[in-house]
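Next comes my_file-v2.txt, with compact mmCIF, C-alpha atoms.
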# COMPACT_ATOMS: atom_id res chain seq x y z
CA MET A 1 -49.35 18.26 -43.95
CA VAL A 2 -48.34 15.85 -41.16
CA LYS A 3 -47.63 13.06 -43.69
CA LYS A 4 -45.40 15.38 -45.75
CA LEU A 5 -43.53 16.42 -42.60
CA ILE A 6 -43.04 12.79 -41.53
CA THR A 7 -41.90 11.86 -45.06
CA GLY A 8 -39.36 14.68 -45.04
CA ILE A 9 -38.07 13.72 -41.61
CA LEU A 10 -37.70 10.05 -42.57
CA ILE A 11 -35.79 10.92 -45.75
CA VAL A 12 -33.41 13.18 -43.81
CA VAL A 13 -32.93 10.51 -41.11
CA LEU A 14 -32.19 7.85 -43.74
CA LEU A 15 -29.68 10.09 -45.50
CA LEU A 16 -27.98 11.15 -42.27
CA ALA A 17 -27.93 7.61 -40.91
CA GLY A 18 -26.09 6.58 -44.04
CA CYS A 19 -23.32 9.07 -43.32
CA SER A 20 -21.86 7.20 -40.36
CA GLY A 21 -18.77 6.25 -42.37
CA GLU A 22 -18.92 2.56 -41.40
CA GLU A 23 -18.06 -0.21 -43.84
CA GLN A 24 -20.80 -1.91 -45.80
CA THR A 25 -22.06 -5.46 -45.48
CA GLN A 26 -24.91 -7.18 -47.24
CA GLY A 27 -27.54 -8.95 -45.18
CA THR A 28 -27.96 -12.69 -45.67
CA SER A 29 -30.95 -13.79 -43.59
CA GLN A 30 -33.71 -12.87 -46.07
CA GLU A 31 -35.83 -15.91 -45.25
CA GLN A 32 -36.12 -14.61 -41.67
CA ASP A 33 -36.57 -10.91 -42.55
CA TYR A 34 -39.67 -8.77 -42.91
CA VAL A 35 -40.75 -8.69 -46.54
CA PHE A 36 -43.12 -6.47 -48.49
CA GLU A 37 -45.47 -7.84 -51.13
CA TYR A 38 -46.85 -5.75 -53.97
CA ASN A 39 -48.98 -7.08 -56.85
CA GLY A 40 -47.69 -10.62 -56.29
CA ILE A 41 -44.05 -9.48 -56.10
CA THR A 42 -42.19 -10.33 -52.89
CA ILE A 43 -39.63 -7.66 -52.04
CA ASN A 44 -36.81 -8.66 -49.69
CA LEU A 45 -34.67 -5.93 -48.21
CA ASN A 46 -30.91 -6.36 -48.71
CA SER A 47 -31.60 -8.21 -51.97
CA ASN A 48 -30.37 -7.27 -55.43
CA ALA A 49 -32.67 -4.49 -56.63
CA GLU A 50 -32.32 -5.02 -60.38
CA PRO A 51 -34.74 -7.95 -60.83
CA ILE A 52 -37.26 -6.37 -58.42
CA ILE A 53 -37.17 -2.98 -60.18
CA LYS A 54 -37.55 -4.75 -63.53
CA GLU A 55 -40.54 -6.73 -62.26
CA LEU A 56 -42.17 -3.65 -60.69
CA GLY A 57 -41.94 -1.79 -63.99
CA GLU A 58 -41.39 1.88 -64.71
CA PRO A 59 -41.58 4.00 -61.55
CA MET A 60 -43.78 7.11 -61.42
CA GLU A 61 -40.71 9.09 -60.33
CA TYR A 62 -37.02 8.45 -59.73
CA PHE A 63 -34.38 10.25 -57.64
CA GLU A 64 -30.68 9.57 -57.09
CA ALA A 65 -27.97 11.16 -54.98
CA GLU A 66 -24.33 10.43 -54.21
CA SER A 67 -24.20 8.04 -51.27
CA CYS A 68 -22.33 9.27 -48.21
CA ALA A 69 -22.12 5.73 -46.79
CA PHE A 70 -21.13 3.77 -49.89
CA GLN A 71 -19.34 4.34 -53.17
CA GLY A 72 -21.98 5.08 -55.77
CA LEU A 73 -25.52 6.39 -55.81
CA ASP A 74 -28.44 5.93 -53.44
CA LYS A 75 -31.57 5.63 -55.60
CA THR A 76 -35.26 6.12 -54.80
CA TYR A 77 -38.01 4.73 -56.99
CA TYR A 78 -41.56 6.06 -56.49
CA TYR A 79 -44.39 3.61 -57.18
CA ASN A 80 -48.11 3.76 -56.54
CA GLY A 81 -48.37 3.90 -52.74
CA PHE A 82 -44.72 3.39 -51.78
CA GLU A 83 -41.09 4.43 -52.24
CA LEU A 84 -38.28 1.91 -52.66
CA THR A 85 -34.73 3.06 -51.88
CA THR A 86 -31.51 1.26 -52.80
CA TYR A 87 -27.88 1.41 -51.74
CA PRO A 88 -24.86 0.54 -53.93
CA ASN A 89 -22.68 -2.47 -53.17
CA GLY A 90 -20.00 -3.08 -55.78
CA ASP A 91 -21.59 -3.12 -59.22
CA ASP A 92 -25.09 -3.81 -57.89
CA ASP A 93 -27.77 -1.95 -55.96
CA TYR A 94 -29.54 -3.51 -52.99
CA ILE A 95 -32.89 -2.63 -51.44
CA SER A 96 -32.42 -0.53 -48.30
CA SER A 97 -35.93 0.69 -47.45
CA ILE A 98 -39.58 0.76 -48.39
CA TYR A 99 -41.71 3.66 -47.23
CA PHE A 100 -45.50 3.65 -47.51
CA ARG A 101 -46.85 6.87 -49.06
CA ASP A 102 -50.56 6.18 -48.59
CA ASP A 103 -53.17 3.58 -47.63
CA SER A 104 -53.23 1.83 -51.02
CA VAL A 105 -50.57 -0.65 -49.85
CA SER A 106 -50.32 -2.80 -46.74
CA THR A 107 -47.95 -5.18 -45.01
CA PRO A 108 -48.53 -8.91 -45.62
CA GLU A 109 -50.18 -8.90 -42.18
CA GLY A 110 -52.74 -6.35 -43.41
CA ILE A 111 -51.48 -3.19 -41.69
CA TYR A 112 -51.77 0.04 -43.71
CA ILE A 113 -51.67 3.80 -43.15
CA GLY A 114 -54.85 4.37 -41.16
CA SER A 115 -54.79 1.07 -39.24
CA SER A 116 -55.17 1.35 -35.49
CA ALA A 117 -52.36 0.90 -32.97
CA GLU A 118 -54.32 -2.09 -31.67
CA ASP A 119 -54.22 -3.63 -35.16
CA VAL A 120 -50.41 -3.28 -35.17
CA LEU A 121 -50.09 -4.94 -31.77
CA GLU A 122 -52.46 -7.73 -32.77
CA ALA A 123 -50.52 -8.39 -35.99
CA TYR A 124 -46.96 -8.02 -34.66
CA GLY A 125 -47.15 -8.43 -30.88
CA ASN A 126 -45.75 -6.52 -27.92
CA GLU A 127 -42.04 -7.18 -28.51
CA TYR A 128 -41.06 -3.89 -30.08
CA THR A 129 -38.73 -1.01 -29.32
CA GLY A 130 -39.39 2.67 -29.80
CA GLY A 131 -41.22 5.32 -27.90
CA GLU A 132 -44.79 6.03 -26.97
CA ASN A 133 -45.97 6.48 -30.57
CA THR A 134 -43.32 4.44 -32.38
CA TYR A 135 -43.35 0.67 -32.76
CA ILE A 136 -40.11 -0.77 -34.17
CA TYR A 137 -40.07 -4.50 -34.83
CA THR A 138 -36.78 -6.19 -35.74
CA LYS A 139 -36.48 -9.50 -37.53
CA GLY A 140 -33.26 -10.83 -39.07
CA ASP A 141 -31.53 -8.02 -40.98
CA THR A 142 -34.64 -5.82 -41.17
CA SER A 143 -36.80 -3.54 -39.09
CA LEU A 144 -40.41 -2.55 -39.58
CA THR A 145 -41.42 0.79 -38.06
CA PHE A 146 -44.92 2.10 -37.41
CA ILE A 147 -45.51 5.68 -36.29
CA VAL A 148 -48.86 6.26 -34.64
CA GLU A 149 -50.70 9.52 -33.98
CA ASN A 150 -54.04 9.69 -32.18
CA GLY A 151 -54.21 5.88 -32.18
CA GLU A 152 -53.81 5.64 -35.97
CA VAL A 153 -50.83 4.53 -38.08
CA VAL A 154 -49.46 7.53 -40.03
CA SER A 155 -46.16 6.03 -41.25
CA ILE A 156 -44.83 2.58 -42.15
CA THR A 157 -41.20 1.94 -43.10
CA TYR A 158 -39.26 -1.26 -43.82
CA GLN A 159 -35.52 -0.71 -43.25
CA ALA A 160 -32.54 -2.93 -44.05
CA LEU A 161 -30.18 -3.27 -41.09
CA VAL A 162 -26.87 -2.80 -42.85
CA GLU A 163 -23.71 -1.27 -41.43
CA GLY A 164 -23.32 2.15 -42.97
CA LEU A 165 -27.10 2.62 -43.24
CA ASN A 166 -27.98 2.48 -39.55
Step by step, read the file and then write its structure as structure tokens.
Amino acid sequence: MVKKLITGILIVVLLLAGCSGEEQTQGTSQEQDYVFEYNGITINLNSNAEPIIKELGEPMEYFEAESCAFQGLDKTYYYNGFELTTYPNGDDDYISSIYFRDDSVSTPEGIYIGSSAEDVLEAYGNEYTGGENTYIYTKGDTSLTFIVENGEVVSITYQALVEGLN
């Protein structure tokens, strides 16, 4: 129940954050950003989504909605253990976020839903923003957010830092 509530809140926040009306820019510091790896595929945020989606294969589910921050459609692809969301930029779509749905996936540093807060601090350090139960790490044009309840990670989200999305 808590995971569904957190998922719903994050989706609403992402959609509302995109409605700021600011102009769009594409990030360029991918080599210094947080990346997600899945089945040998490295996924960089702010990168062209087409080759990644093709390599990931057919999603379990797919959702699209008119973007309120950009011209075109925001798209969400549901894979085993995570959701990948894109934003339109010209004729292409770019990866805007990755949200972990369960403990079957982990960050390259080994953090997954169910890891301890101590594991997060050991893997990523003490230089984070957020509140008492939220650890937000920023690197390049990306952020990596961990939400912790009762000392355990309950949510992990990679987010592209792009004007119009944040």
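Note that the spacing between CA of Glu118 in chain A and CA of Thr85 in chain A amounts to 28.6 Å.
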Using all atoms listed in the file, which protein or nucleic acid residues come within 10 Å of Val120 in chain A? Drop anything in the same chain fewer than 3 positions from it, and give the result as number ranges by chain. A: 109-112, 115-117, 123-126, 135, 146, 148, 152-153
Would you put the residues from that selection into a file with C-alpha atoms, as a PDB file, in the coordinates of the input?
ATOM      1  CA  GLU A 109     -50.180  -8.900 -42.180  1.00  0.00           C
ATOM      2  CA  GLY A 110     -52.740  -6.350 -43.410  1.00  0.00           C
ATOM      3  CA  ILE A 111     -51.480  -3.190 -41.690  1.00  0.00           C
ATOM      4  CA  TYR A 112     -51.770   0.040 -43.710  1.00  0.00           C
ATOM      5  CA  SER A 115     -54.790   1.070 -39.240  1.00  0.00           C
ATOM      6  CA  SER A 116     -55.170   1.350 -35.490  1.00  0.00           C
ATOM      7  CA  ALA A 117     -52.360   0.900 -32.970  1.00  0.00           C
ATOM      8  CA  ALA A 123     -50.520  -8.390 -35.990  1.00  0.00           C
ATOM      9  CA  TYR A 124     -46.960  -8.020 -34.660  1.00  0.00           C
ATOM     10  CA  GLY A 125     -47.150  -8.430 -30.880  1.00  0.00           C
ATOM     11  CA  ASN A 126     -45.750  -6.520 -27.920  1.00  0.00           C
ATOM     12  CA  TYR A 135     -43.350   0.670 -32.760  1.00  0.00           C
ATOM     13  CA  PHE A 146     -44.920   2.100 -37.410  1.00  0.00           C
ATOM     14  CA  VAL A 148     -48.860   6.260 -34.640  1.00  0.00           C
ATOM     15  CA  GLU A 152     -53.810   5.640 -35.970  1.00  0.00           C
ATOM     16  CA  VAL A 153     -50.830   4.530 -38.080  1.00  0.00           C
TER      17      VAL A 153
END
Within 9 Å of Thr157 in chain A using only C-alpha atoms, minus same-chain residues under 4 positions, as a ChimeraX atom specification: /A:10,97-100,143-147
Atom-to-atom span, CA of Ile41 in chain A and CA of Thr107 in chain A, Å: 12.5 Å
